[in-house]
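Listing of work36.tsv, TSV, C-alpha atoms
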chain	number	residue	atom	x	y	z
G	1	ASP	CA	-57.41	58.19	-56.25
G	2	ALA	CA	-55.74	57.50	-52.88
G	3	LYS	CA	-57.76	57.89	-49.71
G	4	THR	CA	-56.91	60.58	-47.15
G	5	THR	CA	-57.37	60.76	-43.39
G	6	GLN	CA	-57.76	64.04	-41.55
G	7	PRO	CA	-58.72	64.94	-37.97
G	8	THR	CA	-62.36	65.85	-37.64
G	9	SER	CA	-61.72	69.20	-36.00
G	10	MET	CA	-59.01	71.51	-34.71
G	11	ASP	CA	-58.80	74.79	-32.83
G	12	CYS	CA	-56.21	77.49	-33.36
G	13	ALA	CA	-55.65	80.78	-31.58
G	14	GLU	CA	-55.93	83.87	-33.74
G	15	GLY	CA	-52.51	85.03	-34.94
G	16	ARG	CA	-50.87	81.68	-34.38
G	17	ALA	CA	-49.90	79.18	-37.06
G	18	ALA	CA	-52.48	76.55	-37.92
G	19	ASN	CA	-51.01	73.18	-38.85
G	20	LEU	CA	-53.47	70.82	-40.48
G	21	PRO	CA	-52.28	67.23	-40.99
G	22	CYS	CA	-53.32	64.76	-43.63
G	23	ASN	CA	-52.40	61.11	-44.02
G	24	HIS	CA	-52.32	59.57	-47.48
G	25	SER	CA	-50.33	56.40	-47.00
G	26	THR	CA	-51.55	54.78	-50.24
G	27	ILE	CA	-50.57	57.68	-52.48
G	28	SER	CA	-49.14	56.71	-55.86
G	29	GLY	CA	-46.11	58.21	-57.52
G	30	ASN	CA	-48.15	60.24	-60.00
G	31	GLU	CA	-50.65	61.59	-57.49
G	32	TYR	CA	-50.65	65.16	-56.23
G	33	VAL	CA	-51.83	66.49	-52.87
G	34	TYR	CA	-54.41	69.26	-53.14
G	35	TRP	CA	-55.90	71.40	-50.40
G	36	TYR	CA	-59.21	73.20	-50.59
G	37	ARG	CA	-61.25	74.93	-47.92
G	38	GLN	CA	-64.94	75.67	-47.59
G	39	ILE	CA	-66.19	78.55	-45.54
G	40	HIS	CA	-69.72	78.02	-44.27
G	41	SER	CA	-72.37	78.16	-47.02
G	42	GLN	CA	-69.86	78.97	-49.75
G	43	GLY	CA	-68.22	77.00	-52.54
G	44	PRO	CA	-64.80	75.45	-51.90
G	45	GLN	CA	-61.71	77.57	-52.46
G	46	TYR	CA	-58.44	76.26	-53.87
G	47	ILE	CA	-55.50	76.77	-51.51
G	48	ILE	CA	-52.42	74.94	-52.74
G	49	HIS	CA	-51.17	71.71	-54.25
G	50	GLY	CA	-47.89	69.78	-54.49
G	51	LEU	CA	-46.27	66.58	-55.69
G	52	LYS	CA	-43.22	65.99	-53.50
G	53	ASN	CA	-41.54	69.29	-52.85
G	54	ASN	CA	-42.72	71.75	-50.25
G	55	GLU	CA	-44.81	74.53	-51.70
G	56	THR	CA	-45.69	78.03	-50.56
G	57	ASN	CA	-48.04	80.67	-51.88
G	58	GLU	CA	-49.73	83.77	-50.54
G	59	MET	CA	-52.29	81.72	-48.64
G	60	ALA	CA	-50.38	78.83	-47.12
G	61	SER	CA	-47.46	76.42	-47.11
G	62	LEU	CA	-47.63	72.72	-47.90
G	63	ILE	CA	-45.12	70.38	-46.32
G	64	ILE	CA	-45.00	66.85	-47.81
G	65	THR	CA	-42.98	64.17	-46.04
G	66	GLU	CA	-40.16	62.52	-47.91
G	67	ASP	CA	-42.07	59.24	-48.25
G	68	ARG	CA	-45.13	61.28	-49.37
G	69	LYS	CA	-47.39	59.36	-47.03
G	70	SER	CA	-48.48	62.46	-45.17
G	71	SER	CA	-48.56	66.21	-45.49
G	72	THR	CA	-49.27	69.33	-43.46
G	73	LEU	CA	-51.00	72.49	-44.52
G	74	ILE	CA	-49.71	75.52	-42.66
G	75	LEU	CA	-51.58	78.78	-42.31
G	76	PRO	CA	-48.80	80.98	-40.87
G	77	HIS	CA	-50.95	83.55	-39.07
G	78	ALA	CA	-54.50	82.33	-38.69
G	79	THR	CA	-57.31	84.89	-38.66
G	80	LEU	CA	-60.97	84.51	-37.82
G	81	ARG	CA	-61.71	84.43	-41.55
G	82	ASP	CA	-59.71	81.22	-41.83
G	83	THR	CA	-62.41	79.35	-39.90
G	84	ALA	CA	-63.57	76.74	-42.41
G	85	VAL	CA	-63.55	73.07	-43.33
G	86	TYR	CA	-60.23	72.14	-44.93
G	87	TYR	CA	-60.11	69.28	-47.40
G	88	CYS	CA	-56.99	67.32	-48.30
G	89	ILE	CA	-57.45	65.56	-51.65
G	90	VAL	CA	-55.09	63.24	-53.46
G	91	ARG	CA	-55.46	62.79	-57.20
G	92	VAL	CA	-53.52	62.37	-60.41
G	93	ALA	CA	-52.56	65.46	-62.33
G	94	PRO	CA	-55.18	66.71	-64.80
G	95	GLY	CA	-54.62	65.12	-68.16
G	96	ALA	CA	-53.42	61.90	-66.58
G	97	GLY	CA	-56.87	60.78	-65.49
G	98	SER	CA	-60.23	62.05	-64.38
G	99	TYR	CA	-60.56	65.75	-63.68
G	100	GLN	CA	-62.96	65.25	-60.81
G	101	LEU	CA	-62.16	65.83	-57.15
G	102	THR	CA	-63.32	63.45	-54.45
G	103	PHE	CA	-64.02	65.22	-51.18
G	104	GLY	CA	-63.70	63.47	-47.81
G	105	LYS	CA	-65.02	64.83	-44.54
G	106	GLY	CA	-62.19	67.32	-44.06
G	107	THR	CA	-61.02	69.10	-40.90
G	108	LYS	CA	-63.18	71.75	-39.29
G	109	LEU	CA	-60.73	74.47	-38.25
G	110	SER	CA	-61.99	76.95	-35.70
G	111	VAL	CA	-59.86	80.05	-35.17
G	112	ILE	CA	-60.45	81.39	-31.69
G	113	PRO	CA	-60.04	85.08	-30.75
B	1	GLY	CA	-58.17	83.78	-59.54
B	2	ALA	CA	-60.76	82.76	-62.06
B	3	VAL	CA	-64.41	83.40	-61.23
B	4	VAL	CA	-67.32	81.02	-61.42
B	5	SER	CA	-70.80	82.37	-60.74
B	6	GLN	CA	-74.07	80.65	-59.98
B	7	HIS	CA	-77.61	81.88	-60.27
B	8	PRO	CA	-79.74	81.94	-58.29
B	9	SER	CA	-77.90	81.91	-54.98
B	10	TRP	CA	-80.98	80.53	-53.28
B	11	VAL	CA	-84.38	79.33	-54.40
B	12	ILE	CA	-87.52	78.10	-52.68
B	13	CYS	CA	-90.03	76.14	-54.72
B	14	LYS	CA	-93.10	73.99	-54.30
B	15	SER	CA	-92.93	70.24	-54.55
B	16	GLY	CA	-93.43	69.04	-58.11
B	17	THR	CA	-92.03	72.10	-59.82
B	18	SER	CA	-88.76	72.31	-61.78
B	19	VAL	CA	-85.84	74.54	-60.91
B	20	LYS	CA	-82.99	75.64	-63.17
B	21	ILE	CA	-79.59	76.58	-61.78
B	22	GLU	CA	-77.03	78.35	-63.96
B	23	CYS	CA	-73.26	78.07	-63.66
B	24	ARG	CA	-71.05	80.51	-65.56
B	25	SER	CA	-67.31	80.85	-65.96
B	26	LEU	CA	-66.87	84.62	-66.09
B	27	ASP	CA	-63.32	85.10	-67.34
B	28	PHE	CA	-62.32	81.79	-68.85
B	29	GLN	CA	-63.70	79.06	-71.06
B	30	ALA	CA	-64.59	75.73	-69.50
B	31	THR	CA	-64.90	72.67	-71.67
B	32	THR	CA	-65.80	70.67	-68.59
B	33	MET	CA	-67.82	71.71	-65.56
B	34	PHE	CA	-68.82	69.68	-62.53
B	35	TRP	CA	-71.96	69.64	-60.43
B	36	TYR	CA	-71.84	68.74	-56.75
B	37	ARG	CA	-74.49	68.38	-54.09
B	38	GLN	CA	-73.93	68.94	-50.39
B	39	PHE	CA	-76.40	68.02	-47.66
B	40	PRO	CA	-76.17	69.70	-44.23
B	41	LYS	CA	-73.08	68.71	-42.23
B	42	GLN	CA	-71.88	66.47	-45.07
B	43	SER	CA	-69.15	66.73	-47.65
B	44	LEU	CA	-69.54	67.52	-51.33
B	45	MET	CA	-70.71	64.67	-53.51
B	46	LEU	CA	-70.08	64.76	-57.23
B	47	MET	CA	-73.31	64.41	-59.18
B	48	ALA	CA	-72.19	64.72	-62.79
B	49	THR	CA	-69.56	65.95	-65.19
B	50	SER	CA	-70.87	68.44	-67.73
B	51	ASN	CA	-69.16	68.44	-71.12
B	52	GLU	CA	-69.62	71.26	-73.62
B	53	GLY	CA	-71.47	70.08	-76.68
B	54	SER	CA	-72.08	66.56	-75.45
B	55	LYS	CA	-74.05	64.60	-72.90
B	56	ALA	CA	-73.22	64.84	-69.23
B	57	THR	CA	-71.69	61.93	-67.37
B	58	TYR	CA	-73.60	61.06	-64.21
B	59	GLU	CA	-72.25	59.43	-61.07
B	60	GLN	CA	-73.75	56.18	-59.91
B	61	GLY	CA	-77.04	56.69	-58.14
B	62	VAL	CA	-77.78	60.09	-59.69
B	63	GLU	CA	-80.92	60.06	-61.84
B	64	LYS	CA	-80.12	61.67	-65.17
B	65	ASP	CA	-83.80	62.18	-65.99
B	66	LYS	CA	-84.32	64.07	-62.77
B	67	PHE	CA	-81.18	66.19	-62.86
B	68	LEU	CA	-80.95	67.52	-66.41
B	69	ILE	CA	-77.63	69.06	-67.36
B	70	ASN	CA	-77.04	71.21	-70.43
B	71	HIS	CA	-73.63	72.63	-71.33
B	72	ALA	CA	-74.60	74.85	-74.22
B	73	SER	CA	-71.46	76.96	-74.43
B	74	LEU	CA	-67.91	77.14	-73.09
B	75	THR	CA	-69.03	79.49	-70.33
B	76	LEU	CA	-72.44	78.16	-69.29
B	77	SER	CA	-73.76	74.95	-67.80
B	78	THR	CA	-77.25	74.54	-66.38
B	79	LEU	CA	-78.68	72.03	-63.93
B	80	THR	CA	-82.43	71.55	-63.93
B	81	VAL	CA	-83.99	69.70	-61.03
B	82	THR	CA	-87.21	68.32	-62.48
B	83	SER	CA	-90.28	67.61	-60.36
B	84	ALA	CA	-88.42	68.63	-57.24
B	85	HIS	CA	-89.33	67.06	-53.91
B	86	PRO	CA	-88.31	67.96	-50.35
B	87	GLU	CA	-85.54	65.36	-50.38
B	88	ASP	CA	-83.90	67.30	-53.23
B	89	SER	CA	-83.38	70.24	-50.89
B	90	SER	CA	-79.64	70.74	-50.76
B	91	PHE	CA	-76.71	73.02	-51.57
B	92	TYR	CA	-75.76	72.66	-55.24
B	93	ILE	CA	-72.28	73.73	-56.31
B	94	CYS	CA	-70.65	73.85	-59.73
B	95	SER	CA	-66.98	74.03	-60.62
B	96	ALA	CA	-64.65	74.29	-63.59
B	97	TYR	CA	-60.94	74.12	-64.37
B	98	ALA	CA	-59.41	77.43	-65.36
B	99	SER	CA	-55.94	75.92	-65.61
B	100	LEU	CA	-54.49	72.43	-65.36
B	101	ASN	CA	-54.24	72.37	-61.60
B	102	GLU	CA	-56.79	74.83	-60.32
B	103	GLN	CA	-60.46	73.95	-60.14
B	104	PHE	CA	-62.63	76.93	-59.26
B	105	PHE	CA	-65.96	76.58	-57.56
B	106	GLY	CA	-69.10	78.64	-57.74
B	107	PRO	CA	-70.64	80.13	-54.61
B	108	GLY	CA	-73.38	77.52	-54.54
B	109	THR	CA	-77.17	77.54	-54.80
B	110	ARG	CA	-79.32	76.71	-51.80
B	111	LEU	CA	-82.45	74.86	-52.94
B	112	THR	CA	-85.38	74.42	-50.57
B	113	VAL	CA	-88.35	72.41	-51.76
B	114	LEU	CA	-91.53	72.84	-49.72

Would you give me this structure, written as C-alpha coordinates?
Amino acid sequence: DAKTTQPTSMDCAEGRAANLPCNHSTISGNEYVYWYRQIHSQGPQYIIHGLKNNETNEMASLIITEDRKSSTLILPHATLRDTAVYYCIVRVAPGAGSYQLTFGKGTKLSVIP
Amino acid sequence: GAVVSQHPSWVICKSGTSVKIECRSLDFQATTMFWYRQFPKQSLMLMATSNEGSKATYEQGVEKDKFLINHASLTLSTLTVTSAHPEDSSFYICSAYASLNEQFFGPGTRLTVL
(Lines of atoms letter the chains of each structure in order from A and count residues from 1; the text may use other names and numbers.)
(Lines give C-alpha, C1' and ligand atoms only; values in the text may rest on other atoms or scores of the structure.)
Protein backbone atom coordinates (compact mmCIF):
# COMPACT_ATOMS: atom_id res chain seq x y z
CA ASP A 1 0.00 0.00 0.00
CA ALA A 2 1.16 3.56 -0.76
CA LYS A 3 2.68 5.64 2.01
CA THR A 4 0.94 8.78 3.28
CA THR A 5 2.28 11.99 4.81
CA GLN A 6 0.23 14.09 7.21
CA PRO A 7 1.05 17.06 9.44
CA THR A 8 1.72 16.05 13.01
CA SER A 9 -0.82 18.41 14.50
CA MET A 10 -3.36 21.10 13.68
CA ASP A 11 -5.60 23.48 15.58
CA CYS A 12 -9.07 24.58 14.54
CA ALA A 13 -11.48 27.02 16.12
CA GLU A 14 -14.80 25.57 17.19
CA GLY A 15 -17.47 26.11 14.54
CA ARG A 16 -14.99 26.65 11.75
CA ALA A 17 -14.12 24.18 9.01
CA ALA A 18 -11.21 21.86 9.69
CA ASN A 19 -9.17 20.99 6.62
CA LEU A 20 -6.80 18.08 7.10
CA PRO A 21 -4.33 17.44 4.27
CA CYS A 22 -2.75 14.18 3.24
CA ASN A 23 -0.07 13.52 0.64
CA HIS A 24 0.02 10.17 -1.13
CA SER A 25 2.19 10.82 -4.14
CA THR A 26 2.90 7.11 -4.80
CA ILE A 27 -0.74 6.06 -4.89
CA SER A 28 -1.61 3.45 -7.50
CA GLY A 29 -4.59 3.48 -9.81
CA ASN A 30 -6.47 0.82 -7.85
CA GLU A 31 -5.84 2.30 -4.40
CA TYR A 32 -8.47 4.10 -2.37
CA VAL A 33 -8.01 6.87 0.19
CA TYR A 34 -9.55 6.10 3.57
CA TRP A 35 -9.89 8.35 6.60
CA TYR A 36 -10.31 7.16 10.16
CA ARG A 37 -10.12 9.04 13.43
CA GLN A 38 -9.29 7.97 16.95
CA ILE A 39 -10.59 9.83 19.93
CA HIS A 40 -8.40 9.42 23.00
CA SER A 41 -8.51 5.91 24.50
CA GLN A 42 -11.09 4.65 22.01
CA GLY A 43 -10.97 2.46 18.93
CA PRO A 44 -10.66 4.14 15.52
CA GLN A 45 -13.81 5.30 13.78
CA TYR A 46 -14.37 5.13 10.02
CA ILE A 47 -15.06 8.53 8.47
CA ILE A 48 -15.04 8.35 4.69
CA HIS A 49 -13.24 6.89 1.69
CA GLY A 50 -12.86 7.66 -2.01
CA LEU A 51 -11.12 6.64 -5.22
CA LYS A 52 -10.95 9.73 -7.42
CA ASN A 53 -14.19 11.63 -7.10
CA ASN A 54 -14.97 13.93 -4.21
CA GLU A 55 -17.11 12.30 -1.57
CA THR A 56 -19.41 13.63 1.13
CA ASN A 57 -21.28 11.99 3.96
CA GLU A 58 -22.87 13.08 7.21
CA MET A 59 -19.50 13.35 8.92
CA ALA A 60 -17.17 14.93 6.40
CA SER A 61 -16.16 15.67 2.83
CA LEU A 62 -13.19 14.20 1.01
CA ILE A 63 -11.53 16.19 -1.74
CA ILE A 64 -9.05 14.25 -3.92
CA THR A 65 -6.86 16.14 -6.37
CA GLU A 66 -7.12 15.31 -10.03
CA ASP A 67 -3.71 13.61 -10.07
CA ARG A 68 -4.75 11.74 -6.87
CA LYS A 69 -1.44 12.55 -5.22
CA SER A 70 -3.07 14.35 -2.32
CA SER A 71 -6.39 14.75 -0.59
CA THR A 72 -8.10 16.86 2.05
CA LEU A 73 -10.57 15.80 4.67
CA ILE A 74 -12.99 18.56 5.55
CA LEU A 75 -15.00 18.73 8.74
CA PRO A 76 -17.41 21.56 7.85
CA HIS A 77 -18.22 22.78 11.37
CA ALA A 78 -15.73 21.44 13.88
CA THR A 79 -16.90 20.81 17.43
CA LEU A 80 -14.94 19.99 20.56
CA ARG A 81 -15.91 16.34 20.08
CA ASP A 82 -13.97 16.30 16.82
CA THR A 83 -10.69 16.56 18.74
CA ALA A 84 -8.90 13.35 17.78
CA VAL A 85 -6.06 11.85 15.78
CA TYR A 86 -7.03 11.60 12.11
CA TYR A 87 -5.48 8.90 9.97
CA CYS A 88 -5.24 9.00 6.19
CA ILE A 89 -4.73 5.49 4.79
CA VAL A 90 -4.23 4.39 1.22
CA ARG A 91 -5.01 0.82 0.26
CA VAL A 92 -6.48 -1.33 -2.47
CA ALA A 93 -10.18 -2.08 -2.36
CA PRO A 94 -11.16 -5.11 -0.29
CA GLY A 95 -11.17 -8.19 -2.45
CA ALA A 96 -8.27 -6.89 -4.51
CA GLY A 97 -5.67 -7.54 -1.85
CA SER A 98 -5.15 -7.68 1.87
CA TYR A 99 -7.97 -6.49 4.08
CA GLN A 100 -5.65 -5.01 6.66
CA LEU A 101 -5.17 -1.30 7.31
CA THR A 102 -1.75 0.19 7.92
CA PHE A 103 -1.87 3.16 10.27
CA GLY A 104 0.70 5.96 10.13
CA LYS A 105 1.16 8.60 12.80
CA GLY A 106 -1.86 10.67 11.74
CA THR A 107 -2.71 14.29 12.49
CA LYS A 108 -3.64 15.35 16.00
CA LEU A 109 -6.52 17.80 15.52
CA SER A 110 -7.31 20.03 18.46
CA VAL A 111 -10.57 21.96 18.28
CA ILE A 112 -10.29 25.08 20.39
CA PRO A 113 -13.29 26.79 22.04
CA GLY B 1 -22.94 1.60 11.72
CA ALA B 2 -22.00 -1.90 12.69
CA VAL B 3 -20.92 -2.53 16.29
CA VAL B 4 -17.87 -4.34 17.55
CA SER B 5 -17.53 -4.90 21.28
CA GLN B 6 -14.59 -5.88 23.43
CA HIS B 7 -14.45 -7.36 26.88
CA PRO B 8 -13.03 -6.44 29.26
CA SER B 9 -12.52 -2.75 28.64
CA TRP B 10 -9.60 -2.74 31.05
CA VAL B 11 -7.72 -5.36 33.01
CA ILE B 12 -4.91 -5.34 35.55
CA CYS B 13 -3.01 -8.56 36.15
CA LYS B 14 0.11 -9.85 37.82
CA SER B 15 3.20 -10.71 35.84
CA GLY B 16 3.16 -14.32 34.69
CA THR B 17 -0.59 -14.70 34.47
CA SER B 18 -2.65 -15.07 31.29
CA VAL B 19 -5.33 -12.68 30.14
CA LYS B 20 -8.12 -13.32 27.63
CA ILE B 21 -9.69 -10.51 25.62
CA GLU B 22 -12.92 -11.08 23.70
CA CYS B 23 -13.94 -9.33 20.49
CA ARG B 24 -17.52 -9.66 19.26
CA SER B 25 -19.32 -8.42 16.18
CA LEU B 26 -22.78 -7.65 17.54
CA ASP B 27 -24.93 -7.22 14.45
CA PHE B 28 -22.97 -8.78 11.63
CA GLN B 29 -20.89 -11.84 10.88
CA ALA B 30 -17.14 -11.44 10.50
CA THR B 31 -15.15 -14.08 8.71
CA THR B 32 -12.02 -12.08 9.39
CA MET B 33 -11.11 -10.00 12.42
CA PHE B 34 -7.93 -8.10 13.16
CA TRP B 35 -6.01 -7.51 16.37
CA TYR B 36 -3.99 -4.34 16.88
CA ARG B 37 -1.78 -3.12 19.68
CA GLN B 38 -1.17 0.52 20.52
CA PHE B 39 1.48 1.77 22.93
CA PRO B 40 1.15 5.25 24.50
CA LYS B 41 1.57 8.11 22.02
CA GLN B 42 2.07 5.64 19.16
CA SER B 43 -0.06 4.50 16.26
CA LEU B 44 -1.89 1.21 15.92
CA MET B 45 0.24 -1.76 14.95
CA LEU B 46 -1.37 -4.81 13.40
CA MET B 47 -0.58 -7.93 15.39
CA ALA B 48 -2.52 -10.64 13.58
CA THR B 49 -5.38 -11.48 11.28
CA SER B 50 -7.93 -13.81 12.83
CA ASN B 51 -9.75 -16.13 10.44
CA GLU B 52 -12.89 -18.02 11.44
CA GLY B 53 -12.27 -21.74 11.56
CA SER B 54 -8.58 -21.55 10.76
CA LYS B 55 -5.27 -20.45 12.22
CA ALA B 56 -4.50 -16.79 12.67
CA THR B 57 -1.90 -15.06 10.55
CA TYR B 58 0.65 -13.17 12.64
CA GLU B 59 2.67 -10.13 11.63
CA GLN B 60 6.43 -10.32 11.69
CA GLY B 61 7.81 -9.99 15.18
CA VAL B 62 4.60 -11.04 16.95
CA GLU B 63 5.03 -14.24 18.97
CA LYS B 64 2.18 -16.58 18.10
CA ASP B 65 2.80 -18.72 21.19
CA LYS B 66 2.48 -15.70 23.42
CA PHE B 67 -0.53 -14.10 21.77
CA LEU B 68 -2.99 -16.92 21.19
CA ILE B 69 -5.87 -16.12 18.88
CA ASN B 70 -9.02 -18.21 18.52
CA HIS B 71 -11.80 -17.35 16.08
CA ALA B 72 -14.37 -19.91 17.11
CA SER B 73 -17.42 -18.41 15.42
CA LEU B 74 -18.40 -15.74 12.92
CA THR B 75 -19.05 -13.28 15.74
CA LEU B 76 -16.30 -14.00 18.26
CA SER B 77 -12.52 -13.82 18.28
CA THR B 78 -10.40 -14.05 21.40
CA LEU B 79 -6.85 -12.93 22.12
CA THR B 80 -5.06 -14.55 25.02
CA VAL B 81 -1.88 -12.95 26.29
CA THR B 82 -0.02 -15.82 27.92
CA SER B 83 2.46 -15.31 30.75
CA ALA B 84 1.99 -11.57 30.56
CA HIS B 85 4.85 -9.27 31.52
CA PRO B 86 4.94 -5.50 32.10
CA GLU B 87 6.16 -4.89 28.55
CA ASP B 88 2.89 -6.40 27.29
CA SER B 89 0.98 -3.54 28.90
CA SER B 90 -0.77 -1.81 26.04
CA PHE B 91 -4.09 -0.90 24.43
CA TYR B 92 -5.41 -3.85 22.43
CA ILE B 93 -7.99 -3.18 19.72
CA CYS B 94 -9.88 -5.55 17.45
CA SER B 95 -11.69 -4.81 14.21
CA ALA B 96 -13.81 -6.46 11.54
CA TYR B 97 -15.29 -5.68 8.14
CA ALA B 98 -19.05 -5.31 8.13
CA SER B 99 -19.11 -4.40 4.45
CA LEU B 100 -16.54 -4.24 1.67
CA ASN B 101 -15.26 -0.79 2.50
CA GLU B 102 -16.00 -0.23 6.15
CA GLN B 103 -13.84 -1.74 8.85
CA PHE B 104 -15.30 -1.27 12.32
CA PHE B 105 -13.19 -1.18 15.42
CA GLY B 106 -13.89 -2.23 18.96
CA PRO B 107 -13.51 0.22 21.83
CA GLY B 108 -10.23 -1.33 22.92
CA THR B 109 -8.95 -3.11 26.03
CA ARG B 110 -6.40 -1.47 28.29
CA LEU B 111 -4.05 -4.12 29.71
CA THR B 112 -1.78 -3.28 32.62
CA VAL B 113 0.63 -5.94 33.83
CA LEU B 114 2.13 -5.33 37.26

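Taking only C-alpha atoms into account, Asn70 of chain B lies nearest to B:Glu22 out of the set B:Glu102, B:Asp27, B:Asp88, B:Glu22.
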
Within 10 Å of chain B: each chain G residue with its shortest pair, only C-alpha atoms, as a tab-separated table:
residue	atom	partner	partner_atom	distance
G:Tyr32	CA	B:Asn101	CA	9.7
G:Tyr34	CA	B:Asn101	CA	9.0
G:Tyr36	CA	B:Gln103	CA	9.7
G:Gln38	CA	B:Ser43	CA	9.9
G:Ser41	CA	B:Gly108	CA	7.6
G:Gln42	CA	B:Pro107	CA	5.1
G:Gly43	CA	B:Pro107	CA	4.5
G:Pro44	CA	B:Phe105	CA	5.9
G:Gln45	CA	B:Phe105	CA	6.7
G:Tyr46	CA	B:Glu102	CA	6.8
G:Ile47	CA	B:Glu102	CA	9.1
G:Ile48	CA	B:Glu102	CA	8.8
G:His49	CA	B:Asn101	CA	8.0
G:Gly50	CA	B:Asn101	CA	9.9
G:Val85	CA	B:Ser43	CA	9.5
G:Tyr87	CA	B:Ser43	CA	9.4
G:Ala93	CA	B:Asn101	CA	7.1
G:Pro94	CA	B:Leu100	CA	5.8
G:Gly95	CA	B:Leu100	CA	7.8
G:Tyr99	CA	B:Tyr97	CA	8.4
G:Gln100	CA	B:Phe34	CA	7.5
G:Leu101	CA	B:Leu46	CA	8.0
G:Thr102	CA	B:Leu46	CA	7.4
G:Phe103	CA	B:Leu44	CA	6.0
G:Gly104	CA	B:Ser43	CA	6.4
G:Lys105	CA	B:Ser43	CA	5.5
G:Gly106	CA	B:Ser43	CA	7.9

List as a VMD selection string the protein and nucleic acid residues near segment 73-85 of chain B, meaning an atom at most 6 Å away when only C-alpha atoms are counted, but skip any in the same chain fewer than 2 places from it.
chain B and resid 15 to 25 29 to 31 66 to 71 87 to 88 113

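Checking G:Arg16, G:Lys52, G:Arg68, G:His24 one by one against Asp82 of chain G, counting only C-alpha atoms, you find the shortest gap at G:Arg16.
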
Can you tell me, as a PyMOL selection string, which residues sit within 8 Å of (-54.2, 74.2, -46.8) in the file's frame, using all atoms listed in the file?
chain G and resi 20+35-37+47-48+59-62+72-75+86-88

Let me see the file: selected residues, C-alpha atoms, as a short mmCIF file (atom, residue, chain, number, x, y, z; two decimals), keeping the file's coordinate frame.
data_model
loop_
_atom_site.label_atom_id
_atom_site.label_comp_id
_atom_site.auth_asym_id
_atom_site.auth_seq_id
_atom_site.Cartn_x
_atom_site.Cartn_y
_atom_site.Cartn_z
CA LEU G 20 -53.47 70.82 -40.48
CA TRP G 35 -55.90 71.40 -50.40
CA TYR G 36 -59.21 73.20 -50.59
CA ARG G 37 -61.25 74.93 -47.92
CA ILE G 47 -55.50 76.77 -51.51
CA ILE G 48 -52.42 74.94 -52.74
CA MET G 59 -52.29 81.72 -48.64
CA ALA G 60 -50.38 78.83 -47.12
CA SER G 61 -47.46 76.42 -47.11
CA LEU G 62 -47.63 72.72 -47.90
CA THR G 72 -49.27 69.33 -43.46
CA LEU G 73 -51.00 72.49 -44.52
CA ILE G 74 -49.71 75.52 -42.66
CA LEU G 75 -51.58 78.78 -42.31
CA TYR G 86 -60.23 72.14 -44.93
CA TYR G 87 -60.11 69.28 -47.40
CA CYS G 88 -56.99 67.32 -48.30
#

Computed interatomic separation between atom CA of Ala78 of chain G and atom CA of Cys22 of chain G (Å):
18.3 Å

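Between atom CA of Pro8 of chain B and atom CA of Leu80 of chain G there is a distance of 27.9 Å.
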